[in-house]
Amino acid sequence: MYLRRVIKTFLIIGVLLVSGMVIWRGGEALGQGTVLYWGSSGSEVTKVQALLNRWGYYTGPIDGYYSGKTFSAVQDFQRKNGLNPDGVVGPNTWASLGLPAVRQSAYGTYSSGASRGVSDSDSVNLLARIIEGEAADESYAGKVAVGAVILNRTQSGAFPSSIAGVIYQPHAFESVSNGQYTRPVSDESIRAAQAAISGFDPSNGALFFWNPYKPVNSWIWSRQVLTQIGRHIFAR
Amino acid sequence: MRKYRWFFPLAVSILLLAGVGFWGYGQMVSRQAAETALNNKYNLAFYNLLNNVQNMEVILSKSLVGQETKQDAQLFMRLWQESLAAQSNLGQIPVTEASVARTIKYLNQVGAYSQTLASQTAGGSSKSDDQWQTLNKLYKQAQTLNGELRNVESSLASGNLTLSELRRDSRNVLRRAGPQLANSNFQVIDRNMQQYPTLIYDGPFSDHIVRKTPVGLEGPQVSSDQARDISLKFIGSRPNTTYIANVAGTVNGRIPVYRVDITPRPAQNGERITMGVSSRGGKVVWMLNSRSPGTAALAVREAGDIAGRFLEDRGFKEMESTYYEVRDAVAVFNYAATQGKTILYPDQIKVTVSLDNGQVVGFDAANYWMAHRTRTLPQPKLTVTQAREKLSPRLEDVTPGRLALIPKTVDNEVLTYEFQGRLDKDVFLVYIDAVTGEEVKLLKVIKTNNGVLTM
């Protein structure tokens, strides 16, 4: 009796500890955008909503919030496509939506297309990754502006002169320091990187950008603010 | 009392377990952070190495065409620097020394050789025929090395490889390149080099130039209401679509602009247009359309006609198309202003055309508004024929030549004769100063399946 109770308690504690860690790490896992469920939000959800809307499953607003309407639309879609109707967008549902293939091919064009010789595909890849890491939920112009900031830095005397040098400068970009920038890159980020490399600069020569809703170093406000695009302030 | 005897071992175990769990978790987090930091360092070294080798390749190929010893001396100095930097970057990548020994040897050779040539050419004597042959060999080797590095980069970019894994993988990759690098009989390298003009051709002439004031913009300040009207007029009309414009804010900086957000009604797949309208003079400085292009249905030539008409309709007369590139389903066309028969490279405009329906989805005239004005050009002292004689005799298929104004530094523009010529498969642009006859600039044109110079 006594022994069984001890074992039971241990089991419960074990489960609690493990699930606690999973939840703890959950915040980061969500950023990878691989599994979506009721309560998820962000650009991945918008993508799913837009697709389901186009195919007639979803009639609600395309707002990036995974709520009841999205849930039942996903269930509908899963039922029609012979998937388990659990209302969770996992790997199988993503595949049926045709999105992983799209994302990979969009990326593959630039990694495999340039087999030899001089090209700027490495710059596009690096820029696209940092744009995805720092501005995945921003508008297209906001994405291009982030790319332009990195290119402006390479031209400035106060920063390293190569794109890799700027991106990997210690503590320069949060998404690099925590490894988030290695996640899959969206098609829009690649287009934004290309636009920035062709010279588009909606930031008008900015060298810094930051999100004012997050805690930032106060010295940064001493820079000359140029503009705000979405949630980022751009300054030089 | 007996009832509670189980409580103590249980409490101790829970505490122990929680403690160990907490400690273990902390260890895991710090190990992950350390690994990310380390991987970032490796990535930095690798991408810089790639950059160095890429520059080496371009400089080596330029040295094959350069005629002026003064230019050569500069090229060799840069080559020396790049090879030194490449060596130090290679040293930071986690690969065994044995596997990259040949690559290191090659980099050393280039470094030592360029150092010798740099001092020779700085002394005024030009490179000999033998030396030219050696440079040619080194150039071919640089191509091979570059190709191998680029394969590693593709695996890195697609996430198939992280650099801590490279410890294992690159051993094979670089070893494979090894025998080829050391081999003195180089097989003819037949490759269609996938290269983009932006990097080498366009870069030095236009991108991200920091000038103080836009000299091309004149006129009174415009209000945000006027800016909105200007942006709508710029977009033009499209059947069954109304555009709604909103001034989203102002952007300070080099060219102060109003940022105008424009959305079409009815909404079309993700289309949202952002435009920068200068507050002085009310000119459209740039336009970006977020629409993701569908499958390409238009030929590049048709798209080029659309871009040309687009500019003409918006009052940009006397523009000449200089080159284009195709990326996925959009084509970017570069235009430069002309004055008489002289082409003005500092005054550039880029027009992006979507190849699915021919819509203009991008416009960038920042460089144009920064620099454009009517210039007083110097009288050339050389004739075209005289300038032509300054070119390397190795260049083939040289174009007749024309007058071009190019930026040397930000505020220093030089009137030159522009020639295009070919060496093997590589195409070069050579700029000879029209007044002094000096070779001012040597550019390599990067040809791809997608983009070529259209001159």
# chains A, B, ... in the order shown; residues from 1 in each chain; ligands from 1
>>> interface_residues(of="chain B", to="chain A", cutoff="8 Å", atoms="only C-alpha atoms", output="VMD selection string")
chain B and resid 6 10 14 18 21 33 36 to 37 40 to 41 43 to 44 47 to 48 54 57 to 58 143 to 144 146 to 148 150 to 151 153 to 155 157 to 159 191 193 to 196 198 to 199 207 to 208 249 to 256 274 276 286 288 to 290 292 364
>>> write_last_selection(atoms="C-alpha atoms", output="CSV table (one decimal), in the first residue's frame")
chain,number,residue,atom,x,y,z
B,6,TRP,CA,7.0,7.4,4.4
B,10,LEU,CA,9.6,11.0,-0.2
B,14,ILE,CA,11.3,15.0,-4.5
B,18,ALA,CA,13.7,18.6,-8.6
B,21,GLY,CA,16.1,18.3,-12.9
B,33,ALA,CA,23.6,28.7,-26.0
B,36,THR,CA,24.7,28.4,-31.0
B,37,ALA,CA,27.4,30.9,-30.2
B,40,ASN,CA,27.7,31.5,-35.3
B,41,LYS,CA,31.4,32.0,-35.1
B,43,ASN,CA,29.3,30.6,-39.9
B,44,LEU,CA,31.0,34.0,-39.7
B,47,TYR,CA,30.8,33.2,-45.1
B,48,ASN,CA,33.8,35.6,-44.9
B,54,GLN,CA,34.9,35.1,-54.5
B,57,GLU,CA,38.4,35.0,-58.3
B,58,VAL,CA,37.1,38.3,-59.6
B,143,GLN,CA,37.0,29.0,-59.7
B,144,THR,CA,37.2,25.4,-58.6
B,146,ASN,CA,34.8,28.8,-55.1
B,147,GLY,CA,32.6,26.1,-56.6
B,148,GLU,CA,33.4,23.7,-53.9
B,150,ARG,CA,29.5,27.2,-52.7
B,151,ASN,CA,28.4,23.6,-52.5
B,153,GLU,CA,27.1,26.9,-48.6
B,154,SER,CA,24.1,25.3,-50.3
B,155,SER,CA,24.1,22.6,-47.7
B,157,ALA,CA,21.7,27.3,-46.3
B,158,SER,CA,19.2,24.5,-46.7
B,159,GLY,CA,19.9,23.3,-43.2
B,191,ARG,CA,30.7,25.9,-66.5
B,193,MET,CA,28.8,30.6,-64.1
B,194,GLN,CA,25.7,31.5,-62.1
B,195,GLN,CA,26.5,35.1,-61.3
B,196,TYR,CA,24.6,38.2,-60.7
B,198,THR,CA,24.4,43.5,-58.9
B,199,LEU,CA,27.4,42.5,-56.9
B,207,ASP,CA,24.3,51.0,-54.4
B,208,HIS,CA,23.9,52.7,-51.0
B,249,GLY,CA,4.2,58.4,-41.7
B,250,THR,CA,7.3,60.3,-42.6
B,251,VAL,CA,10.8,59.0,-43.1
B,252,ASN,CA,13.7,61.4,-42.3
B,253,GLY,CA,17.2,60.9,-43.6
B,254,ARG,CA,18.9,61.4,-46.9
B,255,ILE,CA,15.7,62.0,-48.8
B,256,PRO,CA,12.9,62.9,-46.5
B,274,THR,CA,4.3,51.1,-50.1
B,276,GLY,CA,8.1,56.9,-50.6
B,286,TRP,CA,10.6,54.3,-54.3
B,288,LEU,CA,7.4,48.4,-53.3
B,289,ASN,CA,4.6,46.0,-54.0
B,290,SER,CA,4.2,43.0,-51.6
B,292,SER,CA,3.9,37.4,-54.6
B,364,ASP,CA,13.7,52.7,-57.1
>>> atom_distance(atom1="atom CA of Val45 of chain A", atom2="atom CA of Gln359 of chain B")
28.3 Å
>>> decode(residues="segment 89-132 of chain B", atoms="N, CA and C atoms", output="PDB file, in the first residue's frame")
ATOM      1  N   ASN B  89      40.481  33.128 -42.090  1.00  0.00           N
ATOM      2  CA  ASN B  89      39.110  32.635 -41.934  1.00  0.00           C
ATOM      3  C   ASN B  89      39.035  31.127 -42.040  1.00  0.00           C
ATOM      4  N   LEU B  90      39.822  30.580 -42.975  1.00  0.00           N
ATOM      5  CA  LEU B  90      39.840  29.132 -43.137  1.00  0.00           C
ATOM      6  C   LEU B  90      40.339  28.479 -41.853  1.00  0.00           C
ATOM      7  N   GLY B  91      41.308  29.145 -41.213  1.00  0.00           N
ATOM      8  CA  GLY B  91      41.874  28.609 -39.979  1.00  0.00           C
ATOM      9  C   GLY B  91      40.864  28.494 -38.860  1.00  0.00           C
ATOM     10  N   GLN B  92      39.760  29.228 -38.955  1.00  0.00           N
ATOM     11  CA  GLN B  92      38.786  29.217 -37.860  1.00  0.00           C
ATOM     12  C   GLN B  92      37.674  28.204 -38.051  1.00  0.00           C
ATOM     13  N   ILE B  93      37.651  27.572 -39.231  1.00  0.00           N
ATOM     14  CA  ILE B  93      36.594  26.601 -39.498  1.00  0.00           C
ATOM     15  C   ILE B  93      37.039  25.238 -38.978  1.00  0.00           C
ATOM     16  N   PRO B  94      36.168  24.519 -38.293  1.00  0.00           N
ATOM     17  CA  PRO B  94      36.570  23.283 -37.643  1.00  0.00           C
ATOM     18  C   PRO B  94      36.795  22.139 -38.615  1.00  0.00           C
ATOM     19  N   VAL B  95      37.864  22.186 -39.359  1.00  0.00           N
ATOM     20  CA  VAL B  95      38.218  21.068 -40.227  1.00  0.00           C
ATOM     21  C   VAL B  95      39.660  20.692 -39.910  1.00  0.00           C
ATOM     22  N   THR B  96      39.989  19.439 -40.144  1.00  0.00           N
ATOM     23  CA  THR B  96      41.347  19.015 -39.816  1.00  0.00           C
ATOM     24  C   THR B  96      42.315  19.636 -40.806  1.00  0.00           C
ATOM     25  N   GLU B  97      43.515  19.866 -40.320  1.00  0.00           N
ATOM     26  CA  GLU B  97      44.492  20.556 -41.134  1.00  0.00           C
ATOM     27  C   GLU B  97      44.808  19.757 -42.385  1.00  0.00           C
ATOM     28  N   ALA B  98      44.904  18.433 -42.231  1.00  0.00           N
ATOM     29  CA  ALA B  98      45.276  17.591 -43.366  1.00  0.00           C
ATOM     30  C   ALA B  98      44.295  17.749 -44.511  1.00  0.00           C
ATOM     31  N   SER B  99      43.009  17.904 -44.161  1.00  0.00           N
ATOM     32  CA  SER B  99      42.011  17.934 -45.223  1.00  0.00           C
ATOM     33  C   SER B  99      42.031  19.236 -46.003  1.00  0.00           C
ATOM     34  N   VAL B 100      42.563  20.290 -45.428  1.00  0.00           N
ATOM     35  CA  VAL B 100      42.580  21.554 -46.156  1.00  0.00           C
ATOM     36  C   VAL B 100      43.996  22.017 -46.480  1.00  0.00           C
ATOM     37  N   ALA B 101      44.970  21.127 -46.285  1.00  0.00           N
ATOM     38  CA  ALA B 101      46.364  21.527 -46.488  1.00  0.00           C
ATOM     39  C   ALA B 101      46.583  22.098 -47.878  1.00  0.00           C
ATOM     40  N   ARG B 102      45.970  21.478 -48.881  1.00  0.00           N
ATOM     41  CA  ARG B 102      46.178  21.945 -50.255  1.00  0.00           C
ATOM     42  C   ARG B 102      45.531  23.293 -50.488  1.00  0.00           C
ATOM     43  N   THR B 103      44.352  23.460 -49.872  1.00  0.00           N
ATOM     44  CA  THR B 103      43.684  24.749 -50.011  1.00  0.00           C
ATOM     45  C   THR B 103      44.541  25.841 -49.385  1.00  0.00           C
ATOM     46  N   ILE B 104      45.082  25.537 -48.199  1.00  0.00           N
ATOM     47  CA  ILE B 104      45.931  26.517 -47.533  1.00  0.00           C
ATOM     48  C   ILE B 104      47.155  26.821 -48.393  1.00  0.00           C
ATOM     49  N   LYS B 105      47.697  25.770 -49.000  1.00  0.00           N
ATOM     50  CA  LYS B 105      48.871  25.966 -49.840  1.00  0.00           C
ATOM     51  C   LYS B 105      48.529  26.886 -51.010  1.00  0.00           C
ATOM     52  N   TYR B 106      47.365  26.645 -51.590  1.00  0.00           N
ATOM     53  CA  TYR B 106      46.946  27.478 -52.711  1.00  0.00           C
ATOM     54  C   TYR B 106      46.825  28.943 -52.289  1.00  0.00           C
ATOM     55  N   LEU B 107      46.166  29.167 -51.148  1.00  0.00           N
ATOM     56  CA  LEU B 107      45.979  30.537 -50.658  1.00  0.00           C
ATOM     57  C   LEU B 107      47.331  31.197 -50.410  1.00  0.00           C
ATOM     58  N   ASN B 108      48.268  30.401 -49.859  1.00  0.00           N
ATOM     59  CA  ASN B 108      49.607  30.918 -49.628  1.00  0.00           C
ATOM     60  C   ASN B 108      50.286  31.325 -50.920  1.00  0.00           C
ATOM     61  N   GLN B 109      50.132  30.451 -51.932  1.00  0.00           N
ATOM     62  CA  GLN B 109      50.727  30.744 -53.239  1.00  0.00           C
ATOM     63  C   GLN B 109      50.208  32.061 -53.793  1.00  0.00           C
ATOM     64  N   VAL B 110      48.884  32.191 -53.766  1.00  0.00           N
ATOM     65  CA  VAL B 110      48.289  33.412 -54.301  1.00  0.00           C
ATOM     66  C   VAL B 110      48.813  34.619 -53.540  1.00  0.00           C
ATOM     67  N   GLY B 111      48.891  34.485 -52.216  1.00  0.00           N
ATOM     68  CA  GLY B 111      49.368  35.590 -51.388  1.00  0.00           C
ATOM     69  C   GLY B 111      50.784  35.985 -51.761  1.00  0.00           C
ATOM     70  N   ALA B 112      51.670  34.985 -51.818  1.00  0.00           N
ATOM     71  CA  ALA B 112      53.073  35.267 -52.100  1.00  0.00           C
ATOM     72  C   ALA B 112      53.243  35.832 -53.507  1.00  0.00           C
ATOM     73  N   TYR B 113      52.512  35.226 -54.445  1.00  0.00           N
ATOM     74  CA  TYR B 113      52.644  35.654 -55.834  1.00  0.00           C
ATOM     75  C   TYR B 113      52.144  37.083 -56.027  1.00  0.00           C
ATOM     76  N   SER B 114      51.007  37.373 -55.413  1.00  0.00           N
ATOM     77  CA  SER B 114      50.459  38.718 -55.588  1.00  0.00           C
ATOM     78  C   SER B 114      51.355  39.756 -54.914  1.00  0.00           C
ATOM     79  N   GLN B 115      51.997  39.340 -53.837  1.00  0.00           N
ATOM     80  CA  GLN B 115      52.918  40.259 -53.166  1.00  0.00           C
ATOM     81  C   GLN B 115      54.075  40.612 -54.104  1.00  0.00           C
ATOM     82  N   THR B 116      54.634  39.577 -54.751  1.00  0.00           N
ATOM     83  CA  THR B 116      55.730  39.800 -55.691  1.00  0.00           C
ATOM     84  C   THR B 116      55.288  40.724 -56.818  1.00  0.00           C
ATOM     85  N   LEU B 117      54.134  40.393 -57.395  1.00  0.00           N
ATOM     86  CA  LEU B 117      53.653  41.179 -58.526  1.00  0.00           C
ATOM     87  C   LEU B 117      53.311  42.605 -58.113  1.00  0.00           C
ATOM     88  N   ALA B 118      52.789  42.749 -56.897  1.00  0.00           N
ATOM     89  CA  ALA B 118      52.434  44.084 -56.431  1.00  0.00           C
ATOM     90  C   ALA B 118      53.670  44.969 -56.389  1.00  0.00           C
ATOM     91  N   SER B 119      54.779  44.437 -55.844  1.00  0.00           N
ATOM     92  CA  SER B 119      55.966  45.289 -55.758  1.00  0.00           C
ATOM     93  C   SER B 119      56.570  45.509 -57.149  1.00  0.00           C
ATOM     94  N   GLN B 120      56.446  44.503 -58.005  1.00  0.00           N
ATOM     95  CA  GLN B 120      56.969  44.668 -59.362  1.00  0.00           C
ATOM     96  C   GLN B 120      56.212  45.763 -60.113  1.00  0.00           C
ATOM     97  N   THR B 121      54.876  45.679 -60.088  1.00  0.00           N
ATOM     98  CA  THR B 121      54.086  46.637 -60.850  1.00  0.00           C
ATOM     99  C   THR B 121      54.115  48.025 -60.218  1.00  0.00           C
ATOM    100  N   ALA B 122      54.253  48.067 -58.888  1.00  0.00           N
ATOM    101  CA  ALA B 122      54.353  49.372 -58.243  1.00  0.00           C
ATOM    102  C   ALA B 122      55.651  50.039 -58.674  1.00  0.00           C
ATOM    103  N   GLY B 123      56.668  49.225 -58.955  1.00  0.00           N
ATOM    104  CA  GLY B 123      57.935  49.756 -59.446  1.00  0.00           C
ATOM    105  C   GLY B 123      57.853  50.216 -60.889  1.00  0.00           C
ATOM    106  N   GLY B 124      56.740  49.942 -61.545  1.00  0.00           N
ATOM    107  CA  GLY B 124      56.550  50.488 -62.881  1.00  0.00           C
ATOM    108  C   GLY B 124      56.681  49.481 -64.006  1.00  0.00           C
ATOM    109  N   SER B 125      57.163  48.251 -63.718  1.00  0.00           N
ATOM    110  CA  SER B 125      57.279  47.302 -64.825  1.00  0.00           C
ATOM    111  C   SER B 125      56.047  46.408 -64.874  1.00  0.00           C
ATOM    112  N   SER B 126      55.495  46.253 -66.047  1.00  0.00           N
ATOM    113  CA  SER B 126      54.246  45.503 -66.165  1.00  0.00           C
ATOM    114  C   SER B 126      54.516  44.001 -66.139  1.00  0.00           C
ATOM    115  N   LYS B 127      53.454  43.227 -66.029  1.00  0.00           N
ATOM    116  CA  LYS B 127      53.610  41.784 -65.875  1.00  0.00           C
ATOM    117  C   LYS B 127      54.004  41.120 -67.194  1.00  0.00           C
ATOM    118  N   SER B 128      54.799  40.071 -67.090  1.00  0.00           N
ATOM    119  CA  SER B 128      55.289  39.399 -68.292  1.00  0.00           C
ATOM    120  C   SER B 128      54.265  38.375 -68.773  1.00  0.00           C
ATOM    121  N   ASP B 129      54.550  37.782 -69.914  1.00  0.00           N
ATOM    122  CA  ASP B 129      53.644  36.804 -70.486  1.00  0.00           C
ATOM    123  C   ASP B 129      53.535  35.552 -69.609  1.00  0.00           C
ATOM    124  N   ASP B 130      54.679  35.106 -69.088  1.00  0.00           N
ATOM    125  CA  ASP B 130      54.690  33.946 -68.191  1.00  0.00           C
ATOM    126  C   ASP B 130      53.841  34.212 -66.962  1.00  0.00           C
ATOM    127  N   GLN B 131      54.030  35.402 -66.438  1.00  0.00           N
ATOM    128  CA  GLN B 131      53.260  35.769 -65.246  1.00  0.00           C
ATOM    129  C   GLN B 131      51.769  35.768 -65.553  1.00  0.00           C
ATOM    130  N   TRP B 132      51.427  36.209 -66.738  1.00  0.00           N
ATOM    131  CA  TRP B 132      50.021  36.204 -67.143  1.00  0.00           C
ATOM    132  C   TRP B 132      49.483  34.774 -67.145  1.00  0.00           C
TER     133      TRP B 132
END
